[in-house]
Amino acid sequence: MTKIKLCGLRRLEDVAMVNRARPDYAGFVFAPGKRQVTADEAEILRQQLDPAIAAVGVFVKAPVEEAVALANRGIIQLIQLHGDEEEAYVKELRWRTKASIIRVLRVRGPESLRDLDRYDCDYFLLDTFSGNAFGGVGRTFDHSLLRQVRFPRPFFLAGGLDPENVKAAIEQVGPYGVDTSSGIETAGRKDETKIRAFVSAVRKEEKP
Ligand SMILES: O=C(O)c1ccccc1N[C@@H]1O[C@H](COP(=O)(O)O)[C@@H](O)[C@H]1O
């Protein structure tokens, strides 16, 4: 079954909606922007999140200490590196935490998808290249670029996925998981109708 990650939870209401929808992963954004949460806010949200849902921290060039502290306090179980971080950064994370690492590739063209063996990560996540915005902008990229690519690790597909386009994207790309943030929001807030529609679009007609 395709895994589901719902990202950008900020409020206790968001957590309640996500608990009801039962995705596999939920994301807290620690990068500056409209979805950013502090460590203390994330701790409260994690306490209310269903323990069966793994929490992912999303970082853009954050100090290593920040990601390590959140992981070692049990607030997040996975670290999503969304800022083209260097491999030395990952090496330090590996030394200092047991959290799984998601390496984000921001896809501009075929060159973004070369030499994937050089990355030390547990998962890849493919997102649309959006310059200095880094992520969470709700734009898709050309999925046909993935056709000939051999991924050495499981990958999540992200970037502009929503309840209407996710099923076709899964059929075309066959990812390990799908990830969305903007696509389950209305007027900048998580929307339970869209969350439910997204989850049922992914799980509908999938064989276990
Ligand atoms: O959501 C954000 O604000 C964000 C900020 C900085 C880096 C990543 C961010 N979100 C991630 O972006 C992708 C795609 O999101 P969308 O569905 O296109 O809105 C997703 O992995 C989010 O975790």
# chains A, B, ... in the order shown; residues from 1 in each chain; ligands from 1
>>> residues_near_ligand(ligand="ligand 1", cutoff="7 Å", atoms="only C-alpha atoms and all ligand atoms", output="VMD selection string")
chain A and resid 7 to 8 27 29 31 to 36 58 to 60 82 127 133 to 140 158 to 161 179 to 183
>>> write_last_selection(atoms="C-alpha atoms", output="mmCIF file, in the first residue's frame")
data_model
loop_
_atom_site.group_PDB
_atom_site.id
_atom_site.type_symbol
_atom_site.label_atom_id
_atom_site.label_comp_id
_atom_site.auth_asym_id
_atom_site.auth_seq_id
_atom_site.Cartn_x
_atom_site.Cartn_y
_atom_site.Cartn_z
ATOM 1 C CA CYS A 7 2.564 17.719 6.229
ATOM 2 C CA GLY A 8 2.482 21.155 7.823
ATOM 3 C CA GLY A 27 5.003 16.456 9.191
ATOM 4 C CA VAL A 29 7.801 22.236 9.487
ATOM 5 C CA ALA A 31 11.808 25.959 8.450
ATOM 6 C CA PRO A 32 10.831 29.649 8.398
ATOM 7 C CA GLY A 33 7.476 30.281 6.722
ATOM 8 C CA LYS A 34 3.754 30.179 7.234
ATOM 9 C CA ARG A 35 3.706 26.602 8.571
ATOM 10 C CA GLN A 36 6.664 26.881 10.925
ATOM 11 C CA VAL A 58 11.045 19.284 7.926
ATOM 12 C CA PHE A 59 14.264 21.336 7.963
ATOM 13 C CA VAL A 60 15.958 23.795 5.602
ATOM 14 C CA HIS A 82 14.621 20.060 2.358
ATOM 15 C CA ASP A 127 9.565 17.863 -4.743
ATOM 16 C CA ALA A 133 10.820 29.072 -1.230
ATOM 17 C CA PHE A 134 12.261 25.530 -0.829
ATOM 18 C CA GLY A 135 8.933 23.725 -0.452
ATOM 19 C CA GLY A 136 5.264 23.761 0.400
ATOM 20 C CA VAL A 137 4.260 25.846 -2.612
ATOM 21 C CA GLY A 138 1.689 23.473 -4.114
ATOM 22 C CA ARG A 139 3.256 23.093 -7.566
ATOM 23 C CA THR A 140 3.750 19.805 -9.405
ATOM 24 C CA ALA A 158 5.562 15.415 -3.268
ATOM 25 C CA GLY A 159 4.884 18.790 -4.857
ATOM 26 C CA GLY A 160 1.364 19.961 -5.547
ATOM 27 C CA LEU A 161 -0.388 16.656 -4.851
ATOM 28 C CA ASP A 179 3.243 13.658 0.615
ATOM 29 C CA THR A 180 1.041 16.735 0.602
ATOM 30 C CA SER A 181 0.638 20.016 2.417
ATOM 31 C CA SER A 182 -0.951 22.756 0.259
ATOM 32 C CA GLY A 183 -3.312 20.249 -1.368
#
>>> select_by_dssp(residues="region 43-150 of chain A", states="strand (DSSP E)", output="number ranges by chain")
A: 54-59, 78-81, 100-107, 123-128
>>> write_last_selection(atoms="N, CA and C atoms", output="PDB file, in the first residue's frame")
ATOM      1  N   ALA A  54       4.042   8.198  12.451  1.00  0.00           N
ATOM      2  CA  ALA A  54       5.415   8.682  12.647  1.00  0.00           C
ATOM      3  C   ALA A  54       5.478  10.177  12.333  1.00  0.00           C
ATOM      4  N   ALA A  55       6.178  10.920  13.191  1.00  0.00           N
ATOM      5  CA  ALA A  55       6.295  12.370  12.972  1.00  0.00           C
ATOM      6  C   ALA A  55       7.600  12.680  12.246  1.00  0.00           C
ATOM      7  N   VAL A  56       7.477  13.513  11.225  1.00  0.00           N
ATOM      8  CA  VAL A  56       8.622  13.915  10.391  1.00  0.00           C
ATOM      9  C   VAL A  56       8.887  15.397  10.643  1.00  0.00           C
ATOM     10  N   GLY A  57      10.133  15.740  10.939  1.00  0.00           N
ATOM     11  CA  GLY A  57      10.513  17.147  11.040  1.00  0.00           C
ATOM     12  C   GLY A  57      11.077  17.604   9.712  1.00  0.00           C
ATOM     13  N   VAL A  58      10.587  18.741   9.214  1.00  0.00           N
ATOM     14  CA  VAL A  58      11.045  19.284   7.926  1.00  0.00           C
ATOM     15  C   VAL A  58      12.005  20.448   8.215  1.00  0.00           C
ATOM     16  N   PHE A  59      13.223  20.347   7.681  1.00  0.00           N
ATOM     17  CA  PHE A  59      14.264  21.336   7.963  1.00  0.00           C
ATOM     18  C   PHE A  59      14.855  21.892   6.664  1.00  0.00           C
ATOM     19  N   LEU A  78      11.559  11.014  12.128  1.00  0.00           N
ATOM     20  CA  LEU A  78      12.299  11.120  10.858  1.00  0.00           C
ATOM     21  C   LEU A  78      12.694  12.569  10.637  1.00  0.00           C
ATOM     22  N   ILE A  79      13.807  12.750   9.943  1.00  0.00           N
ATOM     23  CA  ILE A  79      14.327  14.086   9.628  1.00  0.00           C
ATOM     24  C   ILE A  79      14.275  14.268   8.114  1.00  0.00           C
ATOM     25  N   GLN A  80      13.518  15.259   7.674  1.00  0.00           N
ATOM     26  CA  GLN A  80      13.386  15.541   6.234  1.00  0.00           C
ATOM     27  C   GLN A  80      14.262  16.745   5.901  1.00  0.00           C
ATOM     28  N   LEU A  81      15.284  16.507   5.085  1.00  0.00           N
ATOM     29  CA  LEU A  81      16.229  17.575   4.738  1.00  0.00           C
ATOM     30  C   LEU A  81      15.798  18.199   3.422  1.00  0.00           C
ATOM     31  N   SER A 100      15.511   8.268  11.209  1.00  0.00           N
ATOM     32  CA  SER A 100      15.647   8.018   9.779  1.00  0.00           C
ATOM     33  C   SER A 100      15.738   9.350   9.029  1.00  0.00           C
ATOM     34  N   ILE A 101      16.416   9.307   7.895  1.00  0.00           N
ATOM     35  CA  ILE A 101      16.649  10.546   7.138  1.00  0.00           C
ATOM     36  C   ILE A 101      15.980  10.482   5.769  1.00  0.00           C
ATOM     37  N   ILE A 102      15.229  11.532   5.477  1.00  0.00           N
ATOM     38  CA  ILE A 102      14.601  11.691   4.158  1.00  0.00           C
ATOM     39  C   ILE A 102      15.374  12.785   3.424  1.00  0.00           C
ATOM     40  N   ARG A 103      15.991  12.418   2.312  1.00  0.00           N
ATOM     41  CA  ARG A 103      16.732  13.385   1.499  1.00  0.00           C
ATOM     42  C   ARG A 103      15.807  13.927   0.405  1.00  0.00           C
ATOM     43  N   VAL A 104      15.588  15.229   0.409  1.00  0.00           N
ATOM     44  CA  VAL A 104      14.719  15.838  -0.604  1.00  0.00           C
ATOM     45  C   VAL A 104      15.532  16.194  -1.844  1.00  0.00           C
ATOM     46  N   LEU A 105      15.021  15.800  -2.990  1.00  0.00           N
ATOM     47  CA  LEU A 105      15.581  16.234  -4.276  1.00  0.00           C
ATOM     48  C   LEU A 105      14.559  17.168  -4.894  1.00  0.00           C
ATOM     49  N   ARG A 106      14.962  18.403  -5.118  1.00  0.00           N
ATOM     50  CA  ARG A 106      14.052  19.395  -5.717  1.00  0.00           C
ATOM     51  C   ARG A 106      14.282  19.336  -7.227  1.00  0.00           C
ATOM     52  N   VAL A 107      13.307  18.834  -7.915  1.00  0.00           N
ATOM     53  CA  VAL A 107      13.517  18.428  -9.315  1.00  0.00           C
ATOM     54  C   VAL A 107      13.371  19.621 -10.268  1.00  0.00           C
ATOM     55  N   TYR A 123      15.295   7.393   2.843  1.00  0.00           N
ATOM     56  CA  TYR A 123      14.250   7.622   1.836  1.00  0.00           C
ATOM     57  C   TYR A 123      14.650   8.844   1.027  1.00  0.00           C
ATOM     58  N   PHE A 124      14.169   8.893  -0.214  1.00  0.00           N
ATOM     59  CA  PHE A 124      14.199  10.133  -0.984  1.00  0.00           C
ATOM     60  C   PHE A 124      12.802  10.740  -0.955  1.00  0.00           C
ATOM     61  N   LEU A 125      12.756  12.038  -1.185  1.00  0.00           N
ATOM     62  CA  LEU A 125      11.471  12.717  -1.384  1.00  0.00           C
ATOM     63  C   LEU A 125      11.666  13.665  -2.561  1.00  0.00           C
ATOM     64  N   LEU A 126      10.819  13.552  -3.553  1.00  0.00           N
ATOM     65  CA  LEU A 126      10.943  14.356  -4.763  1.00  0.00           C
ATOM     66  C   LEU A 126       9.928  15.477  -4.725  1.00  0.00           C
ATOM     67  N   ASP A 127      10.434  16.688  -4.798  1.00  0.00           N
ATOM     68  CA  ASP A 127       9.565  17.863  -4.743  1.00  0.00           C
ATOM     69  C   ASP A 127       9.877  18.754  -5.940  1.00  0.00           C
ATOM     70  N   THR A 128       8.995  19.675  -6.207  1.00  0.00           N
ATOM     71  CA  THR A 128       9.184  20.649  -7.281  1.00  0.00           C
ATOM     72  C   THR A 128      10.256  21.658  -6.878  1.00  0.00           C
TER      73      THR A 128
END
>>> closest_residue(among="A:Pro110, A:Gly177, A:Pro163, A:Gly83", to="Phe198 (chain A)", atoms="only C-alpha atoms")
A:Pro163
>>> select_by_dssp(residues="chain A", states="helix (DSSP H, G or I)", output="NGL selection string")
:A and (12-21 or 39-48 or 64-72 or 87-96 or 110-113 or 116-118 or 131-133 or 143-146 or 166-173 or 182-184 or 192-203)
>>> closest_residue(among="A:Ala99, A:Ala201, A:Ala39, A:Val90", to="Asn72 (chain A)", atoms="only C-alpha atoms")
A:Ala99
>>> residues_around(residues="Ile53 (chain A)", least_positions_apart="5", cutoff="10 Å", atoms="only C-alpha atoms", output="compact mmCIF listing (two decimals) with C-alpha atoms, in the first residue's frame")
# COMPACT_ATOMS: atom_id res chain seq x y z
CA LYS A 5 2.44 11.69 4.65
CA VAL A 18 -4.96 13.74 10.97
CA ASN A 19 -5.57 11.23 13.79
CA ARG A 22 -4.81 7.74 9.98
CA PRO A 23 -1.95 8.46 7.56
CA ASP A 24 1.42 6.75 8.04
CA TYR A 25 3.40 9.97 8.59
CA ALA A 26 2.66 13.52 9.72
CA GLY A 27 5.00 16.46 9.19
CA ARG A 46 3.35 15.15 19.01
CA GLN A 77 11.03 10.07 14.31
>>> residues_around(residues="Leu145 (chain A)", least_positions_apart="6", cutoff="10 Å", atoms="only C-alpha atoms", output="JSON, numbers by chain")
{"A": [107, 108, 109, 110, 111, 112, 113, 173]}
>>> closest_residue(among="A:Phe151, A:Phe141, A:Tyr89, A:Trp95", to="Asp117 (chain A)", atoms="only C-alpha atoms")
A:Phe151
>>> closest_residue(among="A:Val64, A:Ala21, A:Leu6, A:Ile75", to="Phe156 (chain A)", atoms="only C-alpha atoms")
A:Leu6
>>> atom_distance(atom1="CA of Ala62 (chain A)", atom2="CA of Asp84 (chain A)")
11.1 Å
>>> residues_around(residues="Gln48 (chain A)", least_positions_apart="3", cutoff="9 Å", atoms="only C-alpha atoms", output="list in words")
Leu12, Val15, Ala16, Asn19, Glu43, Ile44, Leu45 and Pro51 of chain A
>>> atom_distance(atom1="CA of Glu65 (chain A)", atom2="CA of Arg96 (chain A)")
9.0 Å
>>> atom_distance(atom1="CA of Glu185 (chain A)", atom2="CA of Ser200 (chain A)")
16.1 Å
>>> closest_residue(among="A:Arg10, A:Arg73, A:Arg20, A:Arg147", to="Ala42 (chain A)", atoms="only C-alpha atoms")
A:Arg10
>>> closest_residue(among="A:Ile170, A:Gln47, A:Ala69, A:Lys190", to="Lys204 (chain A)", atoms="only C-alpha atoms")
A:Ile170
>>> decode(residues="region 110-148 of chain A", atoms="N, CA and C atoms", output="PDB file, in the first residue's frame")
ATOM      1  N   PRO A 110      16.467  16.481 -15.533  1.00  0.00           N
ATOM      2  CA  PRO A 110      17.104  15.173 -15.371  1.00  0.00           C
ATOM      3  C   PRO A 110      18.355  15.237 -14.498  1.00  0.00           C
ATOM      4  N   GLU A 111      19.053  16.385 -14.522  1.00  0.00           N
ATOM      5  CA  GLU A 111      20.299  16.509 -13.751  1.00  0.00           C
ATOM      6  C   GLU A 111      20.059  16.395 -12.236  1.00  0.00           C
ATOM      7  N   SER A 112      18.840  16.670 -11.803  1.00  0.00           N
ATOM      8  CA  SER A 112      18.524  16.583 -10.355  1.00  0.00           C
ATOM      9  C   SER A 112      18.461  15.136  -9.881  1.00  0.00           C
ATOM     10  N   LEU A 113      18.434  14.202 -10.824  1.00  0.00           N
ATOM     11  CA  LEU A 113      18.143  12.807 -10.479  1.00  0.00           C
ATOM     12  C   LEU A 113      19.304  11.879 -10.820  1.00  0.00           C
ATOM     13  N   ARG A 114      20.518  12.461 -10.922  1.00  0.00           N
ATOM     14  CA  ARG A 114      21.700  11.658 -11.285  1.00  0.00           C
ATOM     15  C   ARG A 114      22.513  11.293 -10.052  1.00  0.00           C
ATOM     16  N   ASP A 115      23.266  10.192 -10.128  1.00  0.00           N
ATOM     17  CA  ASP A 115      24.216   9.773  -9.070  1.00  0.00           C
ATOM     18  C   ASP A 115      23.544   9.669  -7.707  1.00  0.00           C
ATOM     19  N   LEU A 116      22.451   9.022  -7.645  1.00  0.00           N
ATOM     20  CA  LEU A 116      21.695   8.986  -6.384  1.00  0.00           C
ATOM     21  C   LEU A 116      22.381   8.157  -5.303  1.00  0.00           C
ATOM     22  N   ASP A 117      23.318   7.292  -5.722  1.00  0.00           N
ATOM     23  CA  ASP A 117      24.038   6.471  -4.731  1.00  0.00           C
ATOM     24  C   ASP A 117      24.921   7.308  -3.812  1.00  0.00           C
ATOM     25  N   ARG A 118      25.200   8.551  -4.202  1.00  0.00           N
ATOM     26  CA  ARG A 118      26.094   9.369  -3.359  1.00  0.00           C
ATOM     27  C   ARG A 118      25.405   9.842  -2.082  1.00  0.00           C
ATOM     28  N   TYR A 119      24.087   9.710  -2.017  1.00  0.00           N
ATOM     29  CA  TYR A 119      23.359  10.222  -0.851  1.00  0.00           C
ATOM     30  C   TYR A 119      23.204   9.140   0.217  1.00  0.00           C
ATOM     31  N   ASP A 120      23.541   9.493   1.444  1.00  0.00           N
ATOM     32  CA  ASP A 120      23.273   8.616   2.582  1.00  0.00           C
ATOM     33  C   ASP A 120      21.899   9.013   3.133  1.00  0.00           C
ATOM     34  N   CYS A 121      20.910   8.181   2.880  1.00  0.00           N
ATOM     35  CA  CYS A 121      19.564   8.494   3.377  1.00  0.00           C
ATOM     36  C   CYS A 121      18.768   7.195   3.464  1.00  0.00           C
ATOM     37  N   ASP A 122      17.651   7.258   4.160  1.00  0.00           N
ATOM     38  CA  ASP A 122      16.757   6.094   4.257  1.00  0.00           C
ATOM     39  C   ASP A 122      15.648   6.166   3.212  1.00  0.00           C
ATOM     40  N   TYR A 123      15.295   7.393   2.843  1.00  0.00           N
ATOM     41  CA  TYR A 123      14.250   7.622   1.836  1.00  0.00           C
ATOM     42  C   TYR A 123      14.650   8.844   1.027  1.00  0.00           C
ATOM     43  N   PHE A 124      14.169   8.893  -0.214  1.00  0.00           N
ATOM     44  CA  PHE A 124      14.199  10.133  -0.984  1.00  0.00           C
ATOM     45  C   PHE A 124      12.802  10.740  -0.955  1.00  0.00           C
ATOM     46  N   LEU A 125      12.756  12.038  -1.185  1.00  0.00           N
ATOM     47  CA  LEU A 125      11.471  12.717  -1.384  1.00  0.00           C
ATOM     48  C   LEU A 125      11.666  13.665  -2.561  1.00  0.00           C
ATOM     49  N   LEU A 126      10.819  13.552  -3.553  1.00  0.00           N
ATOM     50  CA  LEU A 126      10.943  14.356  -4.763  1.00  0.00           C
ATOM     51  C   LEU A 126       9.928  15.477  -4.725  1.00  0.00           C
ATOM     52  N   ASP A 127      10.434  16.688  -4.798  1.00  0.00           N
ATOM     53  CA  ASP A 127       9.565  17.863  -4.743  1.00  0.00           C
ATOM     54  C   ASP A 127       9.877  18.754  -5.940  1.00  0.00           C
ATOM     55  N   THR A 128       8.995  19.675  -6.207  1.00  0.00           N
ATOM     56  CA  THR A 128       9.184  20.649  -7.281  1.00  0.00           C
ATOM     57  C   THR A 128      10.256  21.658  -6.878  1.00  0.00           C
ATOM     58  N   PHE A 129      11.143  21.998  -7.800  1.00  0.00           N
ATOM     59  CA  PHE A 129      12.109  23.062  -7.499  1.00  0.00           C
ATOM     60  C   PHE A 129      11.369  24.392  -7.417  1.00  0.00           C
ATOM     61  N   SER A 130      11.543  25.086  -6.296  1.00  0.00           N
ATOM     62  CA  SER A 130      10.811  26.355  -6.138  1.00  0.00           C
ATOM     63  C   SER A 130      11.727  27.453  -5.615  1.00  0.00           C
ATOM     64  N   GLY A 131      13.018  27.399  -6.023  1.00  0.00           N
ATOM     65  CA  GLY A 131      13.956  28.463  -5.669  1.00  0.00           C
ATOM     66  C   GLY A 131      14.097  28.625  -4.180  1.00  0.00           C
ATOM     67  N   ASN A 132      14.084  29.861  -3.724  1.00  0.00           N
ATOM     68  CA  ASN A 132      14.299  30.130  -2.302  1.00  0.00           C
ATOM     69  C   ASN A 132      13.105  29.802  -1.418  1.00  0.00           C
ATOM     70  N   ALA A 133      11.983  29.456  -2.048  1.00  0.00           N
ATOM     71  CA  ALA A 133      10.820  29.072  -1.230  1.00  0.00           C
ATOM     72  C   ALA A 133      11.032  27.675  -0.638  1.00  0.00           C
ATOM     73  N   PHE A 134      11.865  26.878  -1.256  1.00  0.00           N
ATOM     74  CA  PHE A 134      12.261  25.530  -0.829  1.00  0.00           C
ATOM     75  C   PHE A 134      11.152  24.487  -0.889  1.00  0.00           C
ATOM     76  N   GLY A 135       9.962  24.765  -0.389  1.00  0.00           N
ATOM     77  CA  GLY A 135       8.933  23.725  -0.452  1.00  0.00           C
ATOM     78  C   GLY A 135       7.602  24.257   0.010  1.00  0.00           C
ATOM     79  N   GLY A 136       6.588  23.397  -0.100  1.00  0.00           N
ATOM     80  CA  GLY A 136       5.264  23.761   0.400  1.00  0.00           C
ATOM     81  C   GLY A 136       4.554  24.791  -0.450  1.00  0.00           C
ATOM     82  N   VAL A 137       4.860  24.810  -1.762  1.00  0.00           N
ATOM     83  CA  VAL A 137       4.260  25.846  -2.612  1.00  0.00           C
ATOM     84  C   VAL A 137       3.111  25.323  -3.473  1.00  0.00           C
ATOM     85  N   GLY A 138       2.861  24.013  -3.422  1.00  0.00           N
ATOM     86  CA  GLY A 138       1.689  23.473  -4.114  1.00  0.00           C
ATOM     87  C   GLY A 138       1.824  23.377  -5.617  1.00  0.00           C
ATOM     88  N   ARG A 139       3.055  23.211  -6.113  1.00  0.00           N
ATOM     89  CA  ARG A 139       3.256  23.093  -7.566  1.00  0.00           C
ATOM     90  C   ARG A 139       3.806  21.721  -7.918  1.00  0.00           C
ATOM     91  N   THR A 140       3.255  21.118  -8.963  1.00  0.00           N
ATOM     92  CA  THR A 140       3.750  19.805  -9.405  1.00  0.00           C
ATOM     93  C   THR A 140       4.954  19.994 -10.337  1.00  0.00           C
ATOM     94  N   PHE A 141       5.692  18.903 -10.558  1.00  0.00           N
ATOM     95  CA  PHE A 141       6.747  18.917 -11.566  1.00  0.00           C
ATOM     96  C   PHE A 141       6.437  17.831 -12.590  1.00  0.00           C
ATOM     97  N   ASP A 142       7.271  17.750 -13.607  1.00  0.00           N
ATOM     98  CA  ASP A 142       7.036  16.805 -14.706  1.00  0.00           C
ATOM     99  C   ASP A 142       7.399  15.381 -14.247  1.00  0.00           C
ATOM    100  N   HIS A 143       6.399  14.594 -13.933  1.00  0.00           N
ATOM    101  CA  HIS A 143       6.646  13.253 -13.392  1.00  0.00           C
ATOM    102  C   HIS A 143       7.274  12.309 -14.409  1.00  0.00           C
ATOM    103  N   SER A 144       7.197  12.659 -15.680  1.00  0.00           N
ATOM    104  CA  SER A 144       7.808  11.774 -16.684  1.00  0.00           C
ATOM    105  C   SER A 144       9.336  11.753 -16.529  1.00  0.00           C
ATOM    106  N   LEU A 145       9.907  12.749 -15.835  1.00  0.00           N
ATOM    107  CA  LEU A 145      11.354  12.759 -15.590  1.00  0.00           C
ATOM    108  C   LEU A 145      11.791  11.561 -14.750  1.00  0.00           C
ATOM    109  N   LEU A 146      10.860  10.944 -14.033  1.00  0.00           N
ATOM    110  CA  LEU A 146      11.211   9.843 -13.123  1.00  0.00           C
ATOM    111  C   LEU A 146      11.232   8.491 -13.824  1.00  0.00           C
ATOM    112  N   ARG A 147      10.802   8.486 -15.077  1.00  0.00           N
ATOM    113  CA  ARG A 147      10.545   7.217 -15.769  1.00  0.00           C
ATOM    114  C   ARG A 147      11.755   6.281 -15.808  1.00  0.00           C
ATOM    115  N   GLN A 148      12.913   6.806 -16.130  1.00  0.00           N
ATOM    116  CA  GLN A 148      14.091   5.935 -16.300  1.00  0.00           C
ATOM    117  C   GLN A 148      14.983   5.902 -15.058  1.00  0.00           C
TER     118      GLN A 148
END
